[in-house]
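Worksheet: the structure to be examined is printed underneath.
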Amino acid sequence: MTTADYGFIQVRGARENNLKDISLDIPKRKITLFTGVSGSGKSSLVFDTIAAESQRLINETYTAFLQSLLPGYGQPDVDSLENLSAAIIVDQKRLGGNSRSTVGTVTDAYSMLRLIFARLGSPAVANPGVLSFNDPGGMCPDCEGLGDVAAIDEDAIVERDKSLNEGAILLSGFNVDSWFWAIITQSGFFDNDKKLRDYTADEWHRLMYLPEAKVKLATPAGSMNSTYEGLVPKFKRLYLTKQTETTAPHIRAAIERIATRSACPACGGARLNAAALACRIDGRNIAECAAMEVADLAGFIRGVDAPTLAPMLNSLAARLDNLTHIGLGYLSLNRPSATLSGGESQRVKMVRHLGSSLTDMTYVFDEPSVGLHPHDVHRLNELLVRLRDKGNTVLVVEHRPSVIAIADHVVDMGPRAGRDGGQVVYAGDLAGLAASGTLTGEHLSRHQALKPTVRTATGKLVIKDAALHNLKDVTASIPQGVLTVVTGVAGSGKSPLIQGCLPRHHPDAIFIDQRPIRGSKRSTPATYTGVLDPIRKAFAKANGVNAALFSANSKGACPQCQGIGLLYTDLAFMDPVVSTCEACDGRRFLPEVLEHTLRGQNISDVLRMQITEAASFFTEKAIKPTMTALVDVGLGYLTLGQSLDTLSGGERQRLKLATELGNSSRIYVLDEPTTGLHMNDVDNLIGLLDRLVDGGSTVIVIEHNLDVISRADWIIDMGPGAGHDGGRIVFAGTPHDLLTDAHSLTATHLRTHLS
Ligand code: ADP
Ligand code: ADP
Ligand code: ZN
Ligand code: ZN
């Protein structure tokens, strides 16, 4: 079979973002890999041009009414796109944040399981709805199908050995002489000098749980009316009804110490009512099945003896096998989808599509190997190949050599990032890429080695008896003052140990994650890093005017777009449509403001500067180091005024890292900081982490990237497997010692990488 049999997607004159009017042909029903440094234009070509146009064309075939319900896609900046097929985007956007959405509901495996229980369970139930925790007929009445309730740890709120006057209340804001404390001590409900441990049951209940009660307070100014409320309901109202996503990390940690979500006492976390839980197959009810790791559940389902239902049992087992094949066998169907990482979410979505019998679709993947240990990459590759072999066109943006290896065709973007990128520097087969002389080609053919010496620890951080999720009473000792890399297959317990347990033991650790940034539409690299203020001041000083003139909130800002330069048209049910503001032509400010210049550039020019340019343009002390830090983390291709909602998870993490860099001698924790980075960018990132450590910091990274692993001072390898087969430290030592370890999977792959 030759590529010509199915033709090509023909891209002509693409100019979206940094693309330089490029034209190329992409073979259909083949796997095409898109490579190139971060910011070279891969997403602009694959997502913003090809996938966007395909989705737009599909939307146009719907009635106007349906179109109004679908997300809006602007027409990409391209002369023509021929031979497109319908595109399915499988990206790393997290799956719905709603706690009723689970791995089982997202993959449809749970509804298959319900049908099987309704038919085979004993006693059989009237209809499968009775087995659904999202259906009033099946949900546990106490927790309404959520499976857990907020439990408050009383001893984290008060100290029983003290009286109110001695400061028994530990909650922040309730210290002696505070207003909240006065309401309690003057309520007349308590003897303020009595130790809490001597309280009667009634007094205890009043202090902790009394709902709102009117009280008269005796104050120096006379008596006044107020409302008394027990500590628990008050705490819940103050802290638990608010979104925790936006709460500062130290407050979030405090809240988590006090309020733990714990299994609902009525259903024990099963989410279902007694009738649903009574229905069993081979001794197991549906909640027990949903709590099993899917690899085990597949075995259980295969063991069910029911010839009449064989097709349904087989198709459920096959769906579960797909999860296992893609390295997610450690998940359970009851796992809330909101707790999955970006990489896990992408792989779960993939499984949903593998069940589909559609052919001649275009599947578009964004770094599908994120979060996968080298040991699991071959499974991902097999699934991509299966999608192709079913007659689909598969487009993959990826940096890992072991995924690039399966390409039928490679499109290498570059030569560099931002304005220095946007071109196709190589298109052809893999063998040709290695010899092409492009950055990607060079890196694919180069040789890696361990560094000759490792640093010596200056102390240690200890985590004792950690048992979160799958951890098996782990005690870990993490060296200080060095670069530690935590490795292990997906699901082995890296994040439970580092992100779940380290903060409790070491609150001074700074976690730099990939979470979205609040208010990111208005935020830009300039506002987020805090350089916009000094930039405005520099303009003010150079022109003898007020700095406020250069603010998006000032009268100098374009009144049409309020200084954003873009207009977001919010339509019901649609993603907002973004367009350049016509009033200011994207310049954000009124003409009179733009007349003020600094070394020949006006404020709009500055906001359009790439950070690399800004790093040489600004010599000011308050600006330059931040620009350099952004270049160091590999974000030099962003413009100062680019909206943060255009950033990927990896880019967000590096932006957060750059802003934290100024603070020396701290503990930095990063989760897969190489996400989105080309091999060349990874070298720069390692250089940066090295400088942090040399400056006295402790750096801990969770990583799969073998270049990072080989440059570590210390390695903690988790495993041996995933889920219940993991949860232990299988190796801790230097990379050199890891090479000789006979048991570690990471060791096997590191040896191959270095050979
Ligand atoms: P890659 O996918 O190769 O990392 P991108 O296509 O994301 O690269 O980015 C190419 C260039 O286009 C970069 O300079 C990036 O900052 C810029 N860019 C991407 N999206 C936007 C956007 N929505 N607005 C402005 N610039 C953008
Ligand atoms: P790693 O970071 O090594 O990939 P994970 O955190 O993904 O490991 O998984 C380790 C184990 O902990 C797995 O069994 C996983 O199912 C479980 N786990 C992780 N996070 C949660 C969670 N939020 N709720 C329930 N189980 C979890
Ligand atoms: Zn319940
Ligand atoms: Zn405007």
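Scheme for the structure tokens: letters A, B, ... for chains in order shown; per-chain residue numbers from 1; ligand numbers from 1 in order shown.
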Please return as a tab-separated table (two decimals) with all heavy atoms, in the first residue's frame the residues found within 9 Å of ligand 2, counting only C-alpha atoms and all ligand atoms.
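This went into out_1.tsv:
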chain	number	residue	atom	x	y	z
A	293	GLU	N	-9.07	-2.59	40.76
A	293	GLU	CA	-8.24	-2.05	39.69
A	293	GLU	C	-8.72	-2.68	38.38
A	293	GLU	O	-9.07	-3.86	38.36
A	293	GLU	CB	-6.77	-2.36	39.97
A	293	GLU	CG	-6.30	-1.61	41.20
A	293	GLU	CD	-4.78	-1.65	41.43
A	293	GLU	OE1	-4.05	-2.21	40.59
A	293	GLU	OE2	-4.35	-1.10	42.46
A	328	LEU	N	-3.06	2.10	32.13
A	328	LEU	CA	-3.96	2.64	33.16
A	328	LEU	C	-4.63	1.52	33.94
A	328	LEU	O	-5.67	1.73	34.57
A	328	LEU	CB	-5.03	3.53	32.53
A	328	LEU	CG	-4.54	4.82	31.86
A	328	LEU	CD1	-5.70	5.54	31.19
A	328	LEU	CD2	-3.86	5.72	32.87
A	329	GLY	N	-4.03	0.32	33.92
A	329	GLY	CA	-4.63	-0.82	34.60
A	329	GLY	C	-4.75	-0.64	36.10
A	329	GLY	O	-5.50	-1.34	36.77
A	330	TYR	N	-4.04	0.35	36.65
A	330	TYR	CA	-4.08	0.59	38.09
A	330	TYR	C	-5.26	1.45	38.50
A	330	TYR	O	-5.54	1.62	39.69
A	330	TYR	CB	-2.78	1.26	38.56
A	330	TYR	CG	-2.51	2.58	37.89
A	330	TYR	CD1	-2.98	3.77	38.45
A	330	TYR	CD2	-1.82	2.64	36.69
A	330	TYR	CE1	-2.75	4.98	37.83
A	330	TYR	CE2	-1.58	3.86	36.06
A	330	TYR	CZ	-2.06	5.02	36.63
A	330	TYR	OH	-1.85	6.22	36.01
A	331	LEU	N	-5.96	2.06	37.54
A	331	LEU	CA	-7.12	2.88	37.90
A	331	LEU	C	-8.30	1.97	38.25
A	331	LEU	O	-8.33	0.81	37.87
A	331	LEU	CB	-7.53	3.78	36.74
A	331	LEU	CG	-6.55	4.88	36.32
A	331	LEU	CD1	-7.12	5.65	35.13
A	331	LEU	CD2	-6.27	5.82	37.48
A	332	SER	N	-9.26	2.51	38.97
A	332	SER	CA	-10.50	1.78	39.20
A	332	SER	C	-11.63	2.57	38.55
A	332	SER	O	-11.49	3.78	38.34
A	332	SER	CB	-10.74	1.63	40.71
A	332	SER	OG	-10.64	2.90	41.32
A	334	ASN	N	-14.31	3.54	39.77
A	334	ASN	CA	-14.92	4.54	40.66
A	334	ASN	C	-14.02	5.75	40.89
A	334	ASN	O	-14.38	6.64	41.66
A	334	ASN	CB	-15.33	3.90	41.99
A	334	ASN	CG	-14.13	3.47	42.83
A	334	ASN	OD1	-12.98	3.69	42.43
A	334	ASN	ND2	-14.39	2.86	43.97
A	335	ARG	N	-12.88	5.81	40.24
A	335	ARG	CA	-11.97	6.94	40.44
A	335	ARG	C	-12.56	8.21	39.83
A	335	ARG	O	-12.87	8.24	38.64
A	335	ARG	CB	-10.64	6.60	39.79
A	335	ARG	CG	-9.63	7.71	39.78
A	335	ARG	CD	-8.97	7.86	41.14
A	335	ARG	NE	-7.89	8.81	40.99
A	335	ARG	CZ	-6.65	8.47	40.65
A	335	ARG	NH1	-6.34	7.20	40.44
A	335	ARG	NH2	-5.73	9.38	40.50
A	336	PRO	N	-12.76	9.27	40.64
A	336	PRO	CA	-13.33	10.51	40.07
A	336	PRO	C	-12.43	11.05	38.96
A	336	PRO	O	-11.21	11.12	39.13
A	336	PRO	CB	-13.33	11.47	41.27
A	336	PRO	CG	-13.25	10.60	42.48
A	336	PRO	CD	-12.48	9.38	42.07
A	337	SER	N	-13.00	11.40	37.81
A	337	SER	CA	-12.15	11.80	36.69
A	337	SER	C	-11.42	13.11	36.99
A	337	SER	O	-10.37	13.37	36.42
A	337	SER	CB	-12.93	11.88	35.39
A	337	SER	OG	-14.12	12.58	35.56
A	338	ALA	N	-11.96	13.91	37.92
A	338	ALA	CA	-11.29	15.17	38.25
A	338	ALA	C	-9.95	14.94	38.93
A	338	ALA	O	-9.12	15.84	38.99
A	338	ALA	CB	-12.18	16.03	39.15
A	339	THR	N	-9.70	13.74	39.45
A	339	THR	CA	-8.42	13.49	40.13
A	339	THR	C	-7.37	12.94	39.17
A	339	THR	O	-6.26	12.64	39.58
A	339	THR	CB	-8.58	12.48	41.29
A	339	THR	OG1	-8.93	11.20	40.75
A	339	THR	CG2	-9.63	12.92	42.28
A	340	LEU	N	-7.71	12.80	37.88
A	340	LEU	CA	-6.73	12.30	36.92
A	340	LEU	C	-5.81	13.42	36.46
A	340	LEU	O	-6.23	14.56	36.33
A	340	LEU	CB	-7.43	11.69	35.70
A	340	LEU	CG	-8.39	10.53	35.97
A	340	LEU	CD1	-9.06	10.11	34.67
A	340	LEU	CD2	-7.65	9.36	36.59
A	341	SER	N	-4.56	13.07	36.17
A	341	SER	CA	-3.63	14.06	35.64
A	341	SER	C	-3.96	14.30	34.17
A	341	SER	O	-4.76	13.57	33.56
A	341	SER	CB	-2.21	13.54	35.75
A	341	SER	OG	-2.06	12.44	34.88
A	344	GLU	N	-3.14	11.23	32.08
A	344	GLU	CA	-4.11	10.16	32.32
A	344	GLU	C	-5.44	10.49	31.64
A	344	GLU	O	-6.08	9.62	31.04
A	344	GLU	CB	-4.34	9.97	33.82
A	344	GLU	CG	-3.19	9.27	34.53
A	344	GLU	CD	-3.34	9.26	36.05
A	344	GLU	OE1	-3.96	10.19	36.60
A	344	GLU	OE2	-2.81	8.35	36.70
A	371	GLY	N	3.53	11.72	31.21
A	371	GLY	CA	3.19	10.91	32.39
A	371	GLY	C	3.51	9.43	32.24
A	371	GLY	O	3.34	8.68	33.18
A	372	LEU	N	3.97	9.02	31.06
A	372	LEU	CA	4.27	7.60	30.87
A	372	LEU	C	5.75	7.31	31.10
A	372	LEU	O	6.63	8.00	30.58
A	372	LEU	CB	3.93	7.17	29.44
A	372	LEU	CG	2.48	6.82	29.12
A	372	LEU	CD1	2.39	6.28	27.70
A	372	LEU	CD2	1.93	5.78	30.09
A	373	HIS	N	5.98	6.28	31.85
A	373	HIS	CA	7.34	5.77	32.06
A	373	HIS	C	7.82	5.16	30.74
A	373	HIS	O	7.01	4.65	29.97
A	373	HIS	CB	7.28	4.70	33.16
A	373	HIS	CG	8.61	4.21	33.61
A	373	HIS	ND1	9.23	3.13	33.04
A	373	HIS	CD2	9.44	4.66	34.58
A	373	HIS	CE1	10.40	2.93	33.65
A	373	HIS	NE2	10.54	3.85	34.59
A	468	LEU	N	-0.63	7.18	51.96
A	468	LEU	CA	-1.66	7.74	51.09
A	468	LEU	C	-1.85	6.87	49.84
A	468	LEU	O	-0.88	6.37	49.27
A	468	LEU	CB	-1.23	9.17	50.70
A	468	LEU	CG	-2.20	9.97	49.83
A	468	LEU	CD1	-3.49	10.25	50.58
A	468	LEU	CD2	-1.55	11.27	49.38
A	469	HIS	N	-3.10	6.73	49.39
A	469	HIS	CA	-3.44	5.91	48.22
A	469	HIS	C	-2.73	4.56	48.28
A	469	HIS	O	-2.94	3.81	49.19
A	469	HIS	CB	-3.15	6.66	46.92
A	469	HIS	CG	-3.93	7.94	46.82
A	469	HIS	ND1	-5.25	8.04	47.16
A	469	HIS	CD2	-3.56	9.19	46.45
A	469	HIS	CE1	-5.67	9.27	47.00
A	469	HIS	NE2	-4.66	9.99	46.56
A	470	ASN	N	-1.84	4.29	47.31
A	470	ASN	CA	-1.25	2.95	47.28
A	470	ASN	C	0.06	2.82	48.06
A	470	ASN	O	0.69	1.77	48.02
A	470	ASN	CB	-1.01	2.52	45.82
A	470	ASN	CG	0.08	3.34	45.16
A	470	ASN	OD1	0.34	4.48	45.57
A	470	ASN	ND2	0.72	2.79	44.15
A	471	LEU	N	0.49	3.88	48.77
A	471	LEU	CA	1.79	3.82	49.45
A	471	LEU	C	1.75	2.81	50.59
A	471	LEU	O	0.82	2.79	51.39
A	471	LEU	CB	2.19	5.20	49.98
A	471	LEU	CG	2.38	6.31	48.93
A	471	LEU	CD1	2.74	7.62	49.62
A	471	LEU	CD2	3.45	5.92	47.92
A	486	VAL	N	12.46	11.71	41.00
A	486	VAL	CA	11.61	10.62	41.44
A	486	VAL	C	11.04	9.95	40.20
A	486	VAL	O	10.39	10.61	39.38
A	486	VAL	CB	10.48	11.13	42.36
A	486	VAL	CG1	9.63	9.97	42.86
A	486	VAL	CG2	11.07	11.90	43.54
A	487	THR	N	11.32	8.67	40.05
A	487	THR	CA	10.91	7.95	38.84
A	487	THR	C	9.99	6.78	39.20
A	487	THR	O	9.75	6.51	40.38
A	487	THR	CB	12.16	7.38	38.13
A	487	THR	OG1	12.86	6.54	39.05
A	487	THR	CG2	13.09	8.48	37.67
A	488	GLY	N	9.52	6.08	38.20
A	488	GLY	CA	8.64	4.93	38.42
A	488	GLY	C	7.52	4.94	37.40
A	488	GLY	O	7.13	6.01	36.92
A	489	VAL	N	6.97	3.76	37.08
A	489	VAL	CA	5.89	3.69	36.09
A	489	VAL	C	4.70	4.52	36.55
A	489	VAL	O	4.57	4.83	37.75
A	489	VAL	CB	5.43	2.23	35.84
A	489	VAL	CG1	6.55	1.40	35.24
A	489	VAL	CG2	4.91	1.59	37.13
A	490	ALA	N	3.83	4.91	35.61
A	490	ALA	CA	2.63	5.66	35.96
A	490	ALA	C	1.82	4.83	36.94
A	490	ALA	O	1.65	3.63	36.75
A	490	ALA	CB	1.81	5.96	34.71
A	491	GLY	N	1.35	5.46	38.01
A	491	GLY	CA	0.54	4.75	39.00
A	491	GLY	C	1.36	4.08	40.09
A	491	GLY	O	0.82	3.40	40.95
A	492	SER	N	2.69	4.28	40.08
A	492	SER	CA	3.52	3.60	41.08
A	492	SER	C	3.46	4.31	42.44
A	492	SER	O	3.79	3.71	43.45
A	492	SER	CB	4.96	3.51	40.60
A	492	SER	OG	5.47	4.80	40.34
A	493	GLY	N	3.06	5.59	42.45
A	493	GLY	CA	2.92	6.28	43.73
A	493	GLY	C	3.84	7.48	43.88
A	493	GLY	O	4.05	7.97	44.99
A	494	LYS	N	4.38	7.98	42.77
A	494	LYS	CA	5.27	9.14	42.83
A	494	LYS	C	4.55	10.36	43.38
A	494	LYS	O	5.02	11.00	44.33
A	494	LYS	CB	5.83	9.47	41.43
A	494	LYS	CG	6.59	8.33	40.80
A	494	LYS	CD	7.10	8.68	39.41
A	494	LYS	CE	6.01	8.95	38.39
A	494	LYS	NZ	5.15	7.80	38.10
A	495	SER	N	3.39	10.70	42.80
A	495	SER	CA	2.71	11.91	43.28
A	495	SER	C	2.12	11.73	44.67
A	495	SER	O	2.19	12.68	45.46
A	495	SER	CB	1.67	12.45	42.31
A	495	SER	OG	1.53	11.68	41.20
A	496	PRO	N	1.56	10.58	45.04
A	496	PRO	CA	1.14	10.47	46.43
A	496	PRO	C	2.29	10.74	47.41
A	496	PRO	O	2.11	11.42	48.41
A	496	PRO	CB	0.65	9.02	46.53
A	496	PRO	CG	0.19	8.67	45.16
A	496	PRO	CD	1.10	9.43	44.24
A	497	LEU	N	3.49	10.24	47.09
A	497	LEU	CA	4.60	10.43	48.01
A	497	LEU	C	5.07	11.88	48.03
A	497	LEU	O	5.19	12.48	49.10
A	497	LEU	CB	5.79	9.53	47.60
A	497	LEU	CG	6.99	9.63	48.53
A	497	LEU	CD1	6.68	9.00	49.88
A	497	LEU	CD2	8.24	8.97	47.93
A	498	ILE	N	5.28	12.44	46.85
A	498	ILE	CA	5.89	13.77	46.81
A	498	ILE	C	4.86	14.88	47.00
A	498	ILE	O	5.04	15.79	47.79
A	498	ILE	CB	6.66	13.96	45.49
A	498	ILE	CG1	7.76	12.89	45.38
A	498	ILE	CG2	7.25	15.36	45.39
A	498	ILE	CD1	8.74	12.88	46.54
A	499	GLN	N	3.74	14.82	46.25
A	499	GLN	CA	2.78	15.91	46.35
A	499	GLN	C	1.82	15.71	47.51
A	499	GLN	O	1.30	16.66	48.07
A	499	GLN	CB	2.00	16.04	45.05
A	499	GLN	CG	2.96	16.30	43.91
A	499	GLN	CD	2.25	16.71	42.66
A	499	GLN	OE1	1.18	16.21	42.36
A	499	GLN	NE2	2.84	17.62	41.92
A	500	GLY	N	1.57	14.45	47.86
A	500	GLY	CA	0.62	14.18	48.93
A	500	GLY	C	1.26	14.23	50.30
A	500	GLY	O	0.64	14.69	51.26
A	671	ASP	N	6.48	18.69	38.84
A	671	ASP	CA	5.94	17.46	38.29
A	671	ASP	C	6.08	17.48	36.78
A	671	ASP	O	5.42	18.23	36.10
A	671	ASP	CB	4.46	17.33	38.70
A	671	ASP	CG	3.89	15.99	38.33
A	671	ASP	OD1	4.63	15.15	37.75
A	671	ASP	OD2	2.70	15.75	38.60
A	702	ILE	N	9.58	15.07	39.62
A	702	ILE	CA	9.01	13.80	39.18
A	702	ILE	C	9.22	13.79	37.67
A	702	ILE	O	8.78	14.71	36.99
A	702	ILE	CB	7.51	13.74	39.52
A	702	ILE	CG1	7.32	13.83	41.04
A	702	ILE	CG2	6.88	12.48	38.95
A	702	ILE	CD1	5.87	13.80	41.49
A	718	MET	N	10.17	4.47	42.31
A	718	MET	CA	8.99	3.87	42.94
A	718	MET	C	8.53	2.68	42.12
A	718	MET	O	8.73	2.61	40.92
A	718	MET	CB	7.84	4.89	43.01
A	718	MET	CG	8.15	6.19	43.71
A	718	MET	SD	8.18	6.05	45.50
A	718	MET	CE	6.53	5.44	45.86
A	719	GLY	N	7.85	1.76	42.77
A	719	GLY	CA	7.36	0.60	42.03
A	719	GLY	C	7.04	-0.54	42.99
A	719	GLY	O	6.65	-0.27	44.12
A	722	ALA	N	2.34	-0.73	39.18
A	722	ALA	CA	1.40	0.36	39.40
A	722	ALA	C	0.31	-0.09	40.36
A	722	ALA	O	0.11	-1.28	40.57
A	722	ALA	CB	0.79	0.78	38.07
A	723	GLY	N	-0.41	0.90	40.96
A	723	GLY	CA	-1.54	0.59	41.82
A	723	GLY	C	-1.11	-0.31	42.97
A	723	GLY	O	-0.09	-0.06	43.61
A	724	HIS	N	-1.87	-1.40	43.21
A	724	HIS	CA	-1.51	-2.24	44.37
A	724	HIS	C	-0.19	-2.97	44.16
A	724	HIS	O	0.36	-3.53	45.10
A	724	HIS	CB	-2.66	-3.17	44.78
A	724	HIS	CG	-3.14	-4.09	43.71
A	724	HIS	ND1	-2.33	-4.91	43.00
A	724	HIS	CD2	-4.40	-4.29	43.22
A	724	HIS	CE1	-3.04	-5.60	42.12
A	724	HIS	NE2	-4.30	-5.23	42.23
A	725	ASP	N	0.31	-2.99	42.93
A	725	ASP	CA	1.62	-3.60	42.71
A	725	ASP	C	2.76	-2.60	42.89
A	725	ASP	O	3.92	-2.89	42.59
A	725	ASP	CB	1.70	-4.19	41.29
A	725	ASP	CG	0.69	-5.30	41.09
A	725	ASP	OD1	0.35	-5.96	42.09
A	725	ASP	OD2	0.23	-5.47	39.96
A	726	GLY	N	2.41	-1.37	43.27
A	726	GLY	CA	3.45	-0.36	43.46
A	726	GLY	C	3.44	0.11	44.90
A	726	GLY	O	3.15	-0.65	45.82
A	727	GLY	N	3.77	1.40	45.09
A	727	GLY	CA	3.67	1.96	46.43
A	727	GLY	C	4.89	1.72	47.31
A	727	GLY	O	4.82	1.94	48.51
Hey, which bits of chain A sit within 9 Å of ligand 3, and for each residue what's the closest pair of atoms and how far apart in Å (one decimal), counting only C-alpha atoms and all ligand atoms, rows by chain and increasing number, as CSV?
residue,atom,partner,partner_atom_place_in_ligand_line,distance
A:Met139,CA,ligand 3,1 (Zn),7.7
A:Cys140,CA,ligand 3,1 (Zn),4.6
A:Pro141,CA,ligand 3,1 (Zn),6.4
A:Asp142,CA,ligand 3,1 (Zn),4.9
A:Cys143,CA,ligand 3,1 (Zn),4.1
A:Glu144,CA,ligand 3,1 (Zn),6.4
A:Gly145,CA,ligand 3,1 (Zn),6.0
A:Leu146,CA,ligand 3,1 (Zn),6.7
A:Gly147,CA,ligand 3,1 (Zn),4.8
A:Asp148,CA,ligand 3,1 (Zn),6.4
A:Val149,CA,ligand 3,1 (Zn),8.0
A:Ala263,CA,ligand 3,1 (Zn),7.6
A:Cys264,CA,ligand 3,1 (Zn),4.5
A:Pro265,CA,ligand 3,1 (Zn),6.5
A:Ala266,CA,ligand 3,1 (Zn),4.9
A:Cys267,CA,ligand 3,1 (Zn),4.1
A:Gly268,CA,ligand 3,1 (Zn),6.3
A:Gly269,CA,ligand 3,1 (Zn),5.9
A:Ala270,CA,ligand 3,1 (Zn),6.6
A:Arg271,CA,ligand 3,1 (Zn),4.9
A:Leu272,CA,ligand 3,1 (Zn),6.5
A:Asn273,CA,ligand 3,1 (Zn),7.4
Considering only C-alpha atoms, return as a PyMOL selection string whatever protein or nucleic-acid residues lie within 9 Å of region 680-694 of chain A, sequence-local ones (same chain, fewer than 6 positions apart) excluded. chain A and resi 37-38+439-440+443+481-483+629+632-634+661+664-665+673-674+705+707-708+711
Keeping only N, CA and C atoms, write the selected residues as a short mmCIF file (atom, residue, chain, number, x, y, z; two decimals), in the first residue's frame.
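The resulting file, part.cif, is shown below:
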data_model
loop_
_atom_site.label_atom_id
_atom_site.label_comp_id
_atom_site.auth_asym_id
_atom_site.auth_seq_id
_atom_site.Cartn_x
_atom_site.Cartn_y
_atom_site.Cartn_z
N VAL A 37 11.27 22.52 18.42
CA VAL A 37 11.38 23.13 19.74
C VAL A 37 10.05 23.75 20.17
N SER A 38 9.85 23.96 21.46
CA SER A 38 8.62 24.59 21.93
C SER A 38 8.53 25.98 21.34
N LEU A 439 17.70 20.71 14.37
CA LEU A 439 17.92 20.50 15.81
C LEU A 439 17.40 19.13 16.26
N THR A 440 16.21 18.78 15.76
CA THR A 440 15.63 17.49 16.14
C THR A 440 16.51 16.36 15.63
N HIS A 443 19.64 15.98 17.75
CA HIS A 443 19.42 15.39 19.07
C HIS A 443 19.09 13.92 18.98
N GLY A 481 19.87 20.00 49.10
CA GLY A 481 20.98 20.63 48.42
C GLY A 481 21.43 19.91 47.16
N VAL A 482 20.60 19.01 46.66
CA VAL A 482 20.95 18.31 45.42
C VAL A 482 19.72 18.22 44.53
N LEU A 483 19.91 17.69 43.32
CA LEU A 483 18.81 17.46 42.38
C LEU A 483 18.36 16.00 42.50
N ALA A 629 15.16 35.12 33.35
CA ALA A 629 14.60 33.90 33.94
C ALA A 629 13.61 33.25 32.98
N ASP A 632 15.49 31.56 30.33
CA ASP A 632 16.11 30.36 30.89
C ASP A 632 15.16 29.18 30.98
N VAL A 633 13.90 29.43 31.29
CA VAL A 633 12.97 28.31 31.40
C VAL A 633 12.41 27.92 30.03
N GLY A 634 12.91 28.57 28.98
CA GLY A 634 12.50 28.17 27.63
C GLY A 634 11.23 28.85 27.16
N LEU A 661 12.00 31.93 40.72
CA LEU A 661 13.45 31.74 40.70
C LEU A 661 14.24 32.70 41.58
N SER A 664 16.06 32.41 46.80
CA SER A 664 17.11 31.40 46.85
C SER A 664 16.93 30.46 48.04
N SER A 665 17.65 29.37 48.03
CA SER A 665 17.69 28.40 49.13
C SER A 665 16.31 27.93 49.57
N PRO A 673 8.50 18.63 34.61
CA PRO A 673 8.75 19.95 34.02
C PRO A 673 9.14 19.89 32.55
N THR A 674 9.47 18.72 32.01
CA THR A 674 9.85 18.65 30.59
C THR A 674 8.64 18.57 29.67
N ASN A 705 11.78 11.64 31.81
CA ASN A 705 12.73 11.98 30.76
C ASN A 705 14.12 11.44 31.12
N ASP A 707 17.03 11.96 29.84
CA ASP A 707 18.12 12.93 29.92
C ASP A 707 18.15 13.57 31.31
N VAL A 708 16.97 13.86 31.87
CA VAL A 708 16.92 14.45 33.21
C VAL A 708 17.38 13.42 34.24
N ARG A 711 21.00 13.09 34.57
CA ARG A 711 21.71 14.24 35.13
C ARG A 711 21.38 14.47 36.61
#
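Nearest residue to Pro76 (chain A) among A:Ala417, A:Val578, A:Leu309, A:Val90 is A:Val578, counting only C-alpha atoms.
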Residue list (alpha helix (DSSP H), DSSP) for region 113-352 of chain A, as a count of residues only: 84
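With only C-alpha atoms and all ligand atoms as the basis for measurement, A:Pro559 is the residue among A:Pro479, A:Gly641, A:Pro559, A:Pro220 that approaches ligand 4 most closely.
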Surroundings of ligand 4 up to 12 Å, based on only C-alpha atoms and all ligand atoms, as a ChimeraX atom specification: /A:552,556-568,579-591,604
Residues within 7 Å of ligand 1 (only C-alpha atoms and all ligand atoms), as a ChimeraX atom specification? /A:17-18,36-45,417-419,422,637-639,642-643,646,676
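For the atom pair formed by CA of Ala427 (chain A) and CA of Val411 (chain A), the distance is 4.5 Å, given to one decimal.
For Phe8 (chain A), the residues within 10 Å (counting only C-alpha atoms, excluding itself and residues fewer than 2 positions away along the chain) are A:Thr3, A:Ala4, A:Asp5, A:Tyr6, A:Gln10, A:Val11, A:Leu24, A:Asp25, A:Ile26, A:Pro27, A:Lys28, A:Arg29, A:Lys30, A:Glu82, A:Asn83, A:Leu84, A:Thr393.
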Quick one, how far is CA of Gly137 (chain A) from CA of Ile152 (chain A)? 29.4 Å
Nearest to Thr32 (chain A): which of A:Ile535, A:Leu384, A:Ala276, A:Cys501 is it, counting only C-alpha atoms? A:Leu384
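Of the residues in region 564-700 of chain A, those that DSSP places in strand (DSSP E) on the basis of the backbone are Leu566, Leu567, Tyr568, Thr569, Val577, Val578, Ser579, Thr580, Thr597, Leu598, Gln601, Asn602, Ile667, Tyr668, Val669, Leu670, Asp671, Thr698, Val699 and Ile700 of chain A.
The environment of Val158 (chain A) within 7 Å, counting only C-alpha atoms and disregarding residues fewer than 5 places along the same chain, consists of Ala168, Ile169 and Leu170 of chain A.
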Export of the given selection (C-alpha atoms) as a short mmCIF file (atom, residue, chain, number, x, y, z; two decimals), in the first residue's frame:
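Contents of the output file again_16.cif:
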data_model
loop_
_atom_site.label_atom_id
_atom_site.label_comp_id
_atom_site.auth_asym_id
_atom_site.auth_seq_id
_atom_site.Cartn_x
_atom_site.Cartn_y
_atom_site.Cartn_z
CA ALA A 168 -8.02 26.60 73.33
CA ILE A 169 -9.28 27.44 69.85
CA LEU A 170 -6.68 26.74 67.18
#
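Proximity ranking of A:Gly721, A:Ala259, A:Gln480, A:Leu323 relative to Ala457 (chain A) places A:Gln480 first, based on only C-alpha atoms.
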